[in-house]
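Have a look at the structure below, then the notes.
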Amino acid sequence: MTAMMKAAIFVGPNRIEIADKPIPDVGPNDALMRITTTTICGTDVHILKGEYPVAKGLTLGHEPVGVIEKLGSAVQGYREGQRVIAGAICPNFNSYAAQDGVASQDGSYLVASERCGGHGYKATAGWRFGNLIDGTQAEYVLVPDAEGNLAPIPDGLSDEQVLMCPDIMSTGFKGAENANIKIGDTVVIFAQGPIGLCATAGARLLGATTIIGIDGNDHRLEIARAMGADITLNYKNCDVVAEVMKLTGGKGADSAIEALGTRSTFESSMRVLKPGGTLSSLGVYSGDLAIPLVAFAAGLGDHRINTALCPGGKERMRRLMNVVASGRVDLGVMVTHQYKLDDIVAAYELFANQRDGVLKIAIKPH
Ligand SMILES: [Zn+2]
């Protein structure tokens, strides 16, 4: 008889249900991970609403914290029972895209089914959990290419302390890294949701000394100050572009990080930049963008626009968990709620509507 597990599956727009699924078989390069804690991401809400298409019946979620239940025959360097995380993005690190330095855009495993050209690059395809393969909102998840993707959790760190590493911290920090921050810089971060908060913390770690956090929610702005923002602006109370120009003496910010994914925040990010400044974009956009001509100096302003998908891989995860272990940043404060996997539908409802000061919800299968 096949052993079964519980999983949160996408049934159709606005419908996620707990279903029984077989516990996956382990191939030579895979690992089966027993999930002890996972969470819900803003991207999962896009999927729930039908704004980002995935296959019906797919298990959602891409932020795994757990224990190795079973290792594939070819996987070296780990032991069953070990506490591990895996990145939300878990590409094949032997692929051309990964060797070319853009592992998150690896679609090598889609070539055989003709969903990706022979070159093996496909934008966002490094994101497999809860997108191309069954995800982490379940009792177990199969981690592909385990040797490149499983990262052991350092002793003494709780599930909650490392829960941000697979996606939120990796993405937010990448936004700061992509902003070309130098010591003493002024950085503006548009939106202080979980990813914007991590971008704020990352900007501080990289040496920015005037960090301006923007949001419409005063509670989130208060947390932004605790995470490293020197100044916070509520866009409901002021013209944020004018305010940044005033704060920088008319020069503009060295860089802006867009952490929401709307046309208006993208344009504002462009408008606050100094000539030669960098716009680091993290948002997931759902429509065409426009570049404001004057702010863009008609294309002659030496501006840079960088985009990114969350970096994955065991070395990235090791570094992020090292930041947590060092005490430089405390992301445990972002875990505001806890739900059982059985109650995940209610957790989605809370998270999607941003009720009760929610930032991130720890989801526990047991
Ligand atoms: Zn995510």
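In the structure tokens, chains take the letters A, B, ... in the order shown, each chain's residues start at 1, and ligands count up from 1 in the order shown.
Those residues that approach Leu273 in chain A to within 10 Å, counting only C-alpha atoms, are A:Thr186, A:Val187, A:Val188, A:Val241, A:Val244, A:Met245, A:Lys251, A:Gly252, A:Ala253, A:Asp254, A:Ser255, A:Ala256, A:Ser268, A:Ser269, A:Met270, A:Gly276, A:Gly277, A:Thr278, A:Leu279, A:Ala295, A:Phe296, A:Gly301, A:His303; same-chain residues fewer than 3 positions away are not listed.
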Deliver the residues from the most recent selection as a file, using N, CA and C atoms, as a PDB file, in the first residue's frame.
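Resulting contents of part37.pdb:
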ATOM      1  N   THR A 186      22.660  56.597   0.464  1.00  0.00           N
ATOM      2  CA  THR A 186      21.241  56.816   0.755  1.00  0.00           C
ATOM      3  C   THR A 186      20.432  55.869  -0.125  1.00  0.00           C
ATOM      4  N   VAL A 187      19.604  55.054   0.518  1.00  0.00           N
ATOM      5  CA  VAL A 187      18.816  54.046  -0.204  1.00  0.00           C
ATOM      6  C   VAL A 187      17.352  54.200   0.171  1.00  0.00           C
ATOM      7  N   VAL A 188      16.500  54.189  -0.845  1.00  0.00           N
ATOM      8  CA  VAL A 188      15.054  54.255  -0.608  1.00  0.00           C
ATOM      9  C   VAL A 188      14.457  52.888  -0.909  1.00  0.00           C
ATOM     10  N   VAL A 241       8.206  61.171  -3.338  1.00  0.00           N
ATOM     11  CA  VAL A 241       9.285  61.574  -4.251  1.00  0.00           C
ATOM     12  C   VAL A 241       9.805  62.952  -3.836  1.00  0.00           C
ATOM     13  N   VAL A 244      11.822  62.647  -0.573  1.00  0.00           N
ATOM     14  CA  VAL A 244      13.183  62.100  -0.748  1.00  0.00           C
ATOM     15  C   VAL A 244      14.094  63.173  -1.337  1.00  0.00           C
ATOM     16  N   MET A 245      13.576  63.938  -2.295  1.00  0.00           N
ATOM     17  CA  MET A 245      14.393  65.004  -2.897  1.00  0.00           C
ATOM     18  C   MET A 245      14.781  66.040  -1.831  1.00  0.00           C
ATOM     19  N   LYS A 251      19.546  66.139  -4.548  1.00  0.00           N
ATOM     20  CA  LYS A 251      20.452  65.263  -5.329  1.00  0.00           C
ATOM     21  C   LYS A 251      19.756  63.980  -5.799  1.00  0.00           C
ATOM     22  N   GLY A 252      18.910  63.438  -4.946  1.00  0.00           N
ATOM     23  CA  GLY A 252      18.311  62.136  -5.235  1.00  0.00           C
ATOM     24  C   GLY A 252      19.072  61.040  -4.504  1.00  0.00           C
ATOM     25  N   ALA A 253      18.442  59.871  -4.413  1.00  0.00           N
ATOM     26  CA  ALA A 253      19.041  58.753  -3.678  1.00  0.00           C
ATOM     27  C   ALA A 253      20.086  58.048  -4.536  1.00  0.00           C
ATOM     28  N   ASP A 254      21.048  57.412  -3.865  1.00  0.00           N
ATOM     29  CA  ASP A 254      22.040  56.613  -4.593  1.00  0.00           C
ATOM     30  C   ASP A 254      21.380  55.395  -5.236  1.00  0.00           C
ATOM     31  N   SER A 255      20.417  54.838  -4.532  1.00  0.00           N
ATOM     32  CA  SER A 255      19.694  53.709  -5.126  1.00  0.00           C
ATOM     33  C   SER A 255      18.294  53.605  -4.544  1.00  0.00           C
ATOM     34  N   ALA A 256      17.440  52.929  -5.298  1.00  0.00           N
ATOM     35  CA  ALA A 256      16.070  52.674  -4.868  1.00  0.00           C
ATOM     36  C   ALA A 256      15.778  51.197  -5.081  1.00  0.00           C
ATOM     37  N   SER A 268       8.072  55.642  -9.241  1.00  0.00           N
ATOM     38  CA  SER A 268       8.590  56.452  -8.130  1.00  0.00           C
ATOM     39  C   SER A 268      10.037  56.084  -7.828  1.00  0.00           C
ATOM     40  N   SER A 269      10.367  54.802  -7.927  1.00  0.00           N
ATOM     41  CA  SER A 269      11.750  54.364  -7.708  1.00  0.00           C
ATOM     42  C   SER A 269      12.689  55.066  -8.687  1.00  0.00           C
ATOM     43  N   MET A 270      12.243  55.205  -9.924  1.00  0.00           N
ATOM     44  CA  MET A 270      13.041  55.900 -10.952  1.00  0.00           C
ATOM     45  C   MET A 270      13.161  57.391 -10.600  1.00  0.00           C
ATOM     46  N   GLY A 276      23.120  58.486 -12.383  1.00  0.00           N
ATOM     47  CA  GLY A 276      24.084  57.434 -12.055  1.00  0.00           C
ATOM     48  C   GLY A 276      23.587  56.469 -10.996  1.00  0.00           C
ATOM     49  N   GLY A 277      22.374  56.687 -10.502  1.00  0.00           N
ATOM     50  CA  GLY A 277      21.831  55.818  -9.458  1.00  0.00           C
ATOM     51  C   GLY A 277      21.329  54.491 -10.004  1.00  0.00           C
ATOM     52  N   THR A 278      21.031  53.590  -9.063  1.00  0.00           N
ATOM     53  CA  THR A 278      20.606  52.237  -9.438  1.00  0.00           C
ATOM     54  C   THR A 278      19.201  51.948  -8.932  1.00  0.00           C
ATOM     55  N   LEU A 279      18.371  51.452  -9.829  1.00  0.00           N
ATOM     56  CA  LEU A 279      17.047  50.961  -9.455  1.00  0.00           C
ATOM     57  C   LEU A 279      17.134  49.445  -9.369  1.00  0.00           C
ATOM     58  N   ALA A 295      12.760  61.568 -15.483  1.00  0.00           N
ATOM     59  CA  ALA A 295      13.556  60.914 -14.431  1.00  0.00           C
ATOM     60  C   ALA A 295      14.659  60.053 -15.041  1.00  0.00           C
ATOM     61  N   PHE A 296      14.379  59.499 -16.199  1.00  0.00           N
ATOM     62  CA  PHE A 296      15.316  58.613 -16.901  1.00  0.00           C
ATOM     63  C   PHE A 296      16.338  59.430 -17.700  1.00  0.00           C
ATOM     64  N   GLY A 301      21.148  59.194 -18.401  1.00  0.00           N
ATOM     65  CA  GLY A 301      21.464  59.487 -16.994  1.00  0.00           C
ATOM     66  C   GLY A 301      22.415  58.529 -16.304  1.00  0.00           C
ATOM     67  N   HIS A 303      21.897  55.675 -15.466  1.00  0.00           N
ATOM     68  CA  HIS A 303      21.156  54.869 -14.497  1.00  0.00           C
ATOM     69  C   HIS A 303      21.350  53.389 -14.797  1.00  0.00           C
TER      70      HIS A 303
END
Within 8 Å of ligand 1 (only C-alpha atoms and all ligand atoms), residues as a PyMOL selection string: chain A and resi 40-44+61-63+88+167-168
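Proximity to Gly312 in chain A was assessed for A:Pro166, A:Gly207, A:Gly120, A:Gly77 counting only C-alpha atoms; the smallest distance is recorded for A:Pro166.
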DSSP helix (DSSP H, G or I) residues within range 175-237 of chain A, listed as a ChimeraX atom specification: /A:175-177,194-205,218-227
Determine which residues of range 224-364 of chain A receive a DSSP assignment of strand (DSSP E or B), computed from the backbone, and state them as an mmCIF file with all heavy atoms, in the first residue's frame.
data_model
loop_
_atom_site.group_PDB
_atom_site.id
_atom_site.type_symbol
_atom_site.label_atom_id
_atom_site.label_comp_id
_atom_site.auth_asym_id
_atom_site.auth_seq_id
_atom_site.Cartn_x
_atom_site.Cartn_y
_atom_site.Cartn_z
ATOM 1 N N ILE A 231 14.779 56.542 8.358
ATOM 2 C CA ILE A 231 13.640 57.439 8.162
ATOM 3 C C ILE A 231 12.535 56.598 7.533
ATOM 4 O O ILE A 231 12.799 55.771 6.663
ATOM 5 C CB ILE A 231 14.014 58.589 7.193
ATOM 6 C CG1 ILE A 231 15.168 59.425 7.770
ATOM 7 C CG2 ILE A 231 12.805 59.465 6.858
ATOM 8 C CD1 ILE A 231 15.891 60.272 6.741
ATOM 9 N N THR A 232 11.292 56.793 7.974
ATOM 10 C CA THR A 232 10.187 56.106 7.306
ATOM 11 C C THR A 232 9.166 57.133 6.828
ATOM 12 O O THR A 232 8.951 58.162 7.485
ATOM 13 C CB THR A 232 9.505 55.081 8.240
ATOM 14 O OG1 THR A 232 9.125 55.734 9.452
ATOM 15 C CG2 THR A 232 10.421 53.916 8.551
ATOM 16 N N LEU A 233 8.575 56.852 5.685
ATOM 17 C CA LEU A 233 7.568 57.742 5.106
ATOM 18 C C LEU A 233 6.312 56.936 4.805
ATOM 19 O O LEU A 233 6.394 55.860 4.197
ATOM 20 C CB LEU A 233 8.083 58.351 3.787
ATOM 21 C CG LEU A 233 9.380 59.173 3.841
ATOM 22 C CD1 LEU A 233 9.799 59.579 2.424
ATOM 23 C CD2 LEU A 233 9.206 60.407 4.728
ATOM 24 N N ASN A 234 5.174 57.451 5.249
ATOM 25 C CA ASN A 234 3.893 56.832 4.898
ATOM 26 C C ASN A 234 3.359 57.564 3.664
ATOM 27 O O ASN A 234 3.085 58.765 3.726
ATOM 28 C CB ASN A 234 2.912 56.943 6.069
ATOM 29 C CG ASN A 234 1.626 56.178 5.796
ATOM 30 O OD1 ASN A 234 1.145 56.144 4.657
ATOM 31 N ND2 ASN A 234 1.068 55.579 6.833
ATOM 32 N N ALA A 253 18.442 59.871 -4.413
ATOM 33 C CA ALA A 253 19.041 58.753 -3.678
ATOM 34 C C ALA A 253 20.086 58.048 -4.536
ATOM 35 O O ALA A 253 20.016 58.058 -5.762
ATOM 36 C CB ALA A 253 17.960 57.764 -3.275
ATOM 37 N N ASP A 254 21.048 57.412 -3.865
ATOM 38 C CA ASP A 254 22.040 56.613 -4.593
ATOM 39 C C ASP A 254 21.380 55.395 -5.236
ATOM 40 O O ASP A 254 21.759 54.981 -6.325
ATOM 41 C CB ASP A 254 23.150 56.164 -3.635
ATOM 42 C CG ASP A 254 23.900 57.341 -3.049
ATOM 43 O OD1 ASP A 254 24.548 58.060 -3.837
ATOM 44 O OD2 ASP A 254 23.807 57.571 -1.829
ATOM 45 N N SER A 255 20.417 54.838 -4.532
ATOM 46 C CA SER A 255 19.694 53.709 -5.126
ATOM 47 C C SER A 255 18.294 53.605 -4.544
ATOM 48 O O SER A 255 18.003 54.155 -3.484
ATOM 49 C CB SER A 255 20.458 52.395 -4.916
ATOM 50 O OG SER A 255 20.697 52.170 -3.564
ATOM 51 N N ALA A 256 17.440 52.929 -5.298
ATOM 52 C CA ALA A 256 16.070 52.674 -4.868
ATOM 53 C C ALA A 256 15.778 51.197 -5.081
ATOM 54 O O ALA A 256 16.191 50.611 -6.088
ATOM 55 C CB ALA A 256 15.088 53.524 -5.673
ATOM 56 N N ILE A 257 15.099 50.611 -4.105
ATOM 57 C CA ILE A 257 14.722 49.196 -4.207
ATOM 58 C C ILE A 257 13.208 49.116 -4.275
ATOM 59 O O ILE A 257 12.513 49.621 -3.382
ATOM 60 C CB ILE A 257 15.254 48.391 -3.006
ATOM 61 C CG1 ILE A 257 16.787 48.508 -2.919
ATOM 62 C CG2 ILE A 257 14.819 46.927 -3.104
ATOM 63 C CD1 ILE A 257 17.397 47.928 -1.651
ATOM 64 N N GLU A 258 12.700 48.533 -5.347
ATOM 65 C CA GLU A 258 11.258 48.382 -5.538
ATOM 66 C C GLU A 258 10.869 47.001 -5.033
ATOM 67 O O GLU A 258 11.323 45.996 -5.581
ATOM 68 C CB GLU A 258 10.911 48.548 -7.025
ATOM 69 C CG GLU A 258 9.467 48.886 -7.297
ATOM 70 C CD GLU A 258 8.506 47.733 -7.078
ATOM 71 O OE1 GLU A 258 8.937 46.558 -7.066
ATOM 72 O OE2 GLU A 258 7.315 48.001 -6.921
ATOM 73 N N LEU A 273 15.855 58.669 -7.963
ATOM 74 C CA LEU A 273 17.281 58.363 -8.179
ATOM 75 C C LEU A 273 18.098 59.580 -8.562
ATOM 76 O O LEU A 273 17.642 60.447 -9.314
ATOM 77 C CB LEU A 273 17.432 57.346 -9.312
ATOM 78 C CG LEU A 273 17.113 55.889 -9.031
ATOM 79 C CD1 LEU A 273 17.458 55.072 -10.270
ATOM 80 C CD2 LEU A 273 17.889 55.382 -7.826
ATOM 81 N N LYS A 274 19.335 59.601 -8.098
ATOM 82 C CA LYS A 274 20.297 60.587 -8.590
ATOM 83 C C LYS A 274 20.760 60.143 -9.987
ATOM 84 O O LYS A 274 20.624 58.955 -10.353
ATOM 85 C CB LYS A 274 21.507 60.651 -7.649
ATOM 86 C CG LYS A 274 22.383 59.402 -7.726
ATOM 87 C CD LYS A 274 23.662 59.517 -6.900
ATOM 88 C CE LYS A 274 24.538 58.283 -7.139
ATOM 89 N NZ LYS A 274 25.742 58.256 -6.301
ATOM 90 N N PRO A 275 21.339 61.047 -10.771
ATOM 91 C CA PRO A 275 21.991 60.600 -12.012
ATOM 92 C C PRO A 275 23.076 59.586 -11.641
ATOM 93 O O PRO A 275 23.822 59.790 -10.683
ATOM 94 C CB PRO A 275 22.611 61.894 -12.567
ATOM 95 C CG PRO A 275 21.806 62.991 -11.970
ATOM 96 C CD PRO A 275 21.391 62.504 -10.594
ATOM 97 N N GLY A 276 23.120 58.486 -12.383
ATOM 98 C CA GLY A 276 24.084 57.434 -12.055
ATOM 99 C C GLY A 276 23.587 56.469 -10.996
ATOM 100 O O GLY A 276 24.298 55.533 -10.643
ATOM 101 N N GLY A 277 22.374 56.687 -10.502
ATOM 102 C CA GLY A 277 21.831 55.818 -9.458
ATOM 103 C C GLY A 277 21.329 54.491 -10.004
ATOM 104 O O GLY A 277 21.203 54.301 -11.215
ATOM 105 N N THR A 278 21.031 53.590 -9.063
ATOM 106 C CA THR A 278 20.606 52.237 -9.438
ATOM 107 C C THR A 278 19.201 51.948 -8.932
ATOM 108 O O THR A 278 18.907 52.182 -7.753
ATOM 109 C CB THR A 278 21.566 51.186 -8.835
ATOM 110 O OG1 THR A 278 22.882 51.447 -9.321
ATOM 111 C CG2 THR A 278 21.160 49.768 -9.219
ATOM 112 N N LEU A 279 18.371 51.452 -9.829
ATOM 113 C CA LEU A 279 17.047 50.961 -9.455
ATOM 114 C C LEU A 279 17.134 49.445 -9.369
ATOM 115 O O LEU A 279 17.408 48.777 -10.363
ATOM 116 C CB LEU A 279 16.004 51.378 -10.497
ATOM 117 C CG LEU A 279 14.521 51.223 -10.148
ATOM 118 C CD1 LEU A 279 13.657 51.887 -11.218
ATOM 119 C CD2 LEU A 279 14.057 49.810 -9.937
ATOM 120 N N SER A 280 16.928 48.913 -8.167
ATOM 121 C CA SER A 280 16.939 47.465 -7.967
ATOM 122 C C SER A 280 15.495 47.007 -7.801
ATOM 123 O O SER A 280 14.823 47.382 -6.848
ATOM 124 C CB SER A 280 17.767 47.138 -6.726
ATOM 125 O OG SER A 280 17.606 45.778 -6.386
ATOM 126 N N SER A 281 15.042 46.224 -8.748
ATOM 127 C CA SER A 281 13.632 45.837 -8.793
ATOM 128 C C SER A 281 13.451 44.411 -8.295
ATOM 129 O O SER A 281 14.110 43.494 -8.768
ATOM 130 C CB SER A 281 13.137 45.955 -10.239
ATOM 131 O OG SER A 281 11.868 45.378 -10.360
ATOM 132 N N ARG A 304 21.164 52.587 -13.764
ATOM 133 C CA ARG A 304 21.136 51.136 -13.953
ATOM 134 C C ARG A 304 19.828 50.594 -13.388
ATOM 135 O O ARG A 304 19.380 51.044 -12.333
ATOM 136 C CB ARG A 304 22.309 50.474 -13.232
ATOM 137 C CG ARG A 304 23.593 50.516 -14.049
ATOM 138 C CD ARG A 304 24.795 50.231 -13.186
ATOM 139 N NE ARG A 304 25.006 51.330 -12.258
ATOM 140 C CZ ARG A 304 26.002 51.374 -11.374
ATOM 141 N NH1 ARG A 304 26.829 50.369 -11.267
ATOM 142 N NH2 ARG A 304 26.152 52.417 -10.568
ATOM 143 N N ILE A 305 19.238 49.674 -14.104
ATOM 144 C CA ILE A 305 18.037 48.985 -13.614
ATOM 145 C C ILE A 305 18.369 47.502 -13.537
ATOM 146 O O ILE A 305 18.722 46.896 -14.548
ATOM 147 C CB ILE A 305 16.831 49.214 -14.556
ATOM 148 C CG1 ILE A 305 16.501 50.707 -14.647
ATOM 149 C CG2 ILE A 305 15.614 48.413 -14.071
ATOM 150 C CD1 ILE A 305 15.380 51.037 -15.621
ATOM 151 N N ASN A 306 18.290 46.950 -12.335
ATOM 152 C CA ASN A 306 18.595 45.529 -12.134
ATOM 153 C C ASN A 306 17.337 44.792 -11.684
ATOM 154 O O ASN A 306 16.582 45.308 -10.857
ATOM 155 C CB ASN A 306 19.666 45.358 -11.043
ATOM 156 C CG ASN A 306 21.031 45.842 -11.487
ATOM 157 O OD1 ASN A 306 21.389 45.722 -12.656
ATOM 158 N ND2 ASN A 306 21.796 46.405 -10.568
ATOM 159 N N THR A 307 17.147 43.606 -12.201
ATOM 160 C CA THR A 307 16.041 42.768 -11.735
ATOM 161 C C THR A 307 16.624 41.463 -11.189
ATOM 162 O O THR A 307 17.769 41.136 -11.474
ATOM 163 C CB THR A 307 15.050 42.424 -12.869
ATOM 164 O OG1 THR A 307 15.712 41.561 -13.811
ATOM 165 C CG2 THR A 307 14.560 43.674 -13.570
ATOM 166 N N VAL A 335 7.998 36.431 12.039
ATOM 167 C CA VAL A 335 7.031 35.326 12.144
ATOM 168 C C VAL A 335 5.996 35.730 13.188
ATOM 169 O O VAL A 335 6.229 35.628 14.387
ATOM 170 C CB VAL A 335 7.723 34.003 12.518
ATOM 171 C CG1 VAL A 335 6.707 32.861 12.561
ATOM 172 C CG2 VAL A 335 8.833 33.685 11.536
ATOM 173 N N THR A 336 4.868 36.216 12.727
ATOM 174 C CA THR A 336 3.877 36.801 13.630
ATOM 175 C C THR A 336 2.772 35.827 14.016
ATOM 176 O O THR A 336 2.063 36.063 14.991
ATOM 177 C CB THR A 336 3.227 38.030 12.971
ATOM 178 O OG1 THR A 336 2.742 37.639 11.678
ATOM 179 C CG2 THR A 336 4.229 39.167 12.817
ATOM 180 N N HIS A 337 2.581 34.754 13.251
ATOM 181 C CA HIS A 337 1.467 33.841 13.508
ATOM 182 C C HIS A 337 1.912 32.401 13.267
ATOM 183 O O HIS A 337 2.893 32.162 12.553
ATOM 184 C CB HIS A 337 0.271 34.142 12.584
ATOM 185 C CG HIS A 337 -0.399 35.457 12.862
ATOM 186 N ND1 HIS A 337 0.188 36.659 12.572
ATOM 187 C CD2 HIS A 337 -1.603 35.733 13.417
ATOM 188 C CE1 HIS A 337 -0.626 37.640 12.931
ATOM 189 N NE2 HIS A 337 -1.729 37.110 13.447
ATOM 190 N N GLN A 338 1.166 31.464 13.857
ATOM 191 C CA GLN A 338 1.424 30.043 13.625
ATOM 192 C C GLN A 338 0.115 29.309 13.378
ATOM 193 O O GLN A 338 -0.859 29.524 14.106
ATOM 194 C CB GLN A 338 2.153 29.447 14.827
ATOM 195 C CG GLN A 338 2.526 27.989 14.630
ATOM 196 C CD GLN A 338 3.351 27.439 15.781
ATOM 197 O OE1 GLN A 338 4.262 28.100 16.284
ATOM 198 N NE2 GLN A 338 3.027 26.237 16.214
ATOM 199 N N TYR A 339 0.088 28.461 12.346
ATOM 200 C CA TYR A 339 -1.094 27.669 12.009
ATOM 201 C C TYR A 339 -0.674 26.227 11.737
ATOM 202 O O TYR A 339 0.436 25.967 11.274
ATOM 203 C CB TYR A 339 -1.768 28.211 10.732
ATOM 204 C CG TYR A 339 -2.722 29.358 10.952
ATOM 205 C CD1 TYR A 339 -2.248 30.636 11.269
ATOM 206 C CD2 TYR A 339 -4.106 29.173 10.832
ATOM 207 C CE1 TYR A 339 -3.122 31.694 11.451
ATOM 208 C CE2 TYR A 339 -4.992 30.228 11.013
ATOM 209 C CZ TYR A 339 -4.493 31.485 11.323
ATOM 210 O OH TYR A 339 -5.360 32.537 11.505
ATOM 211 N N LYS A 340 -1.597 25.315 11.964
ATOM 212 C CA LYS A 340 -1.401 23.920 11.553
ATOM 213 C C LYS A 340 -1.635 23.825 10.042
ATOM 214 O O LYS A 340 -2.445 24.579 9.487
ATOM 215 C CB LYS A 340 -2.421 23.007 12.252
ATOM 216 C CG LYS A 340 -2.183 22.879 13.740
ATOM 217 C CD LYS A 340 -1.586 21.510 14.041
ATOM 218 C CE LYS A 340 -1.314 21.325 15.512
ATOM 219 N NZ LYS A 340 0.113 21.121 15.787
ATOM 220 N N LYS A 360 4.618 37.099 8.511
ATOM 221 C CA LYS A 360 4.787 35.738 7.997
ATOM 222 C C LYS A 360 4.156 34.760 8.980
ATOM 223 O O LYS A 360 4.187 34.964 10.195
ATOM 224 C CB LYS A 360 6.268 35.404 7.830
ATOM 225 C CG LYS A 360 6.947 36.163 6.698
ATOM 226 C CD LYS A 360 6.490 35.726 5.301
ATOM 227 C CE LYS A 360 7.231 34.511 4.819
ATOM 228 N NZ LYS A 360 6.876 34.186 3.384
ATOM 229 N N ILE A 361 3.609 33.676 8.417
ATOM 230 C CA ILE A 361 2.918 32.681 9.226
ATOM 231 C C ILE A 361 3.717 31.372 9.202
ATOM 232 O O ILE A 361 3.999 30.847 8.122
ATOM 233 C CB ILE A 361 1.501 32.406 8.673
ATOM 234 C CG1 ILE A 361 0.704 33.711 8.612
ATOM 235 C CG2 ILE A 361 0.792 31.348 9.504
ATOM 236 C CD1 ILE A 361 -0.656 33.569 7.911
ATOM 237 N N ALA A 362 4.097 30.867 10.370
ATOM 238 C CA ALA A 362 4.718 29.541 10.434
ATOM 239 C C ALA A 362 3.612 28.509 10.275
ATOM 240 O O ALA A 362 2.636 28.504 11.022
ATOM 241 C CB ALA A 362 5.438 29.359 11.766
ATOM 242 N N ILE A 363 3.766 27.635 9.269
ATOM 243 C CA ILE A 363 2.805 26.556 9.035
ATOM 244 C C ILE A 363 3.466 25.256 9.472
ATOM 245 O O ILE A 363 4.550 24.917 9.000
ATOM 246 C CB ILE A 363 2.443 26.442 7.532
ATOM 247 C CG1 ILE A 363 1.884 27.771 6.993
ATOM 248 C CG2 ILE A 363 1.489 25.276 7.283
ATOM 249 C CD1 ILE A 363 0.487 28.113 7.431
ATOM 250 N N LYS A 364 2.799 24.553 10.392
ATOM 251 C CA LYS A 364 3.380 23.321 10.957
ATOM 252 C C LYS A 364 2.510 22.121 10.576
ATOM 253 O O LYS A 364 1.327 22.072 10.956
ATOM 254 C CB LYS A 364 3.407 23.419 12.489
ATOM 255 C CG LYS A 364 4.111 24.672 13.028
ATOM 256 C CD LYS A 364 5.555 24.386 13.314
ATOM 257 C CE LYS A 364 6.214 25.586 13.977
ATOM 258 N NZ LYS A 364 7.648 25.385 14.206
#
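Counting only C-alpha atoms, the residue from A:Gly87, A:Pro365, A:Pro64, A:Gly57 that sits nearest to Arg316 in chain A is A:Gly87.
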Contact residues around Asp106 in chain A with only C-alpha atoms at 12 Å, ignoring same-chain residues under 4 positions, as a PyMOL selection string: chain A and resi 89-102+110-111+116-128+309+311-312
Got a sec: who's within 12 Å of Pro154 in chain A, counting only C-alpha atoms, leaving out chain neighbours fewer than 2 positions off, as a short mmCIF file (atom, residue, chain, number, x, y, z; two decimals) with C-alpha atoms, in the first residue's frame?
data_model
loop_
_atom_site.label_atom_id
_atom_site.label_comp_id
_atom_site.auth_asym_id
_atom_site.auth_seq_id
_atom_site.Cartn_x
_atom_site.Cartn_y
_atom_site.Cartn_z
CA GLN A 82 19.68 15.94 9.63
CA ARG A 83 17.88 19.30 9.98
CA VAL A 84 18.04 21.20 6.69
CA ILE A 85 16.52 23.93 4.58
CA ALA A 151 21.73 23.26 3.44
CA PRO A 152 22.22 21.94 7.02
CA GLY A 156 21.06 26.26 18.03
CA LEU A 157 18.92 27.92 15.34
CA SER A 158 15.16 27.36 15.53
CA ASP A 159 12.88 26.67 12.56
CA GLN A 161 14.90 31.79 12.82
CA VAL A 162 15.73 30.20 9.46
CA MET A 317 21.55 29.31 2.26
CA ARG A 318 24.71 28.74 4.36
CA ARG A 319 25.61 32.43 4.12
CA LEU A 320 22.11 33.59 5.06
CA MET A 321 21.92 31.23 8.04
CA ASN A 322 25.37 32.49 9.05
CA VAL A 323 23.99 36.03 9.11
CA VAL A 324 21.19 34.82 11.39
CA ALA A 325 23.57 32.82 13.63
CA SER A 326 25.87 35.86 13.98
#
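The residue that comes closest to Asp342 in chain A, out of A:Thr36, A:His366, A:Thr136, A:Ile211 and on the basis of only C-alpha atoms, is A:His366.
Across A:Asn131, A:Thr200, A:Ser104, A:Asn353, the tightest approach to Leu60 in chain A is made by A:Asn131 when counting only C-alpha atoms.
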Range 5-17 of chain A environment, 12 Å, only C-alpha atoms, sequence neighbours closer than 3 positions dropped, as a ChimeraX atom specification: /A:2,20-24,34-35,38-40,44-62,130-131,133-141,340-349,352,363-366
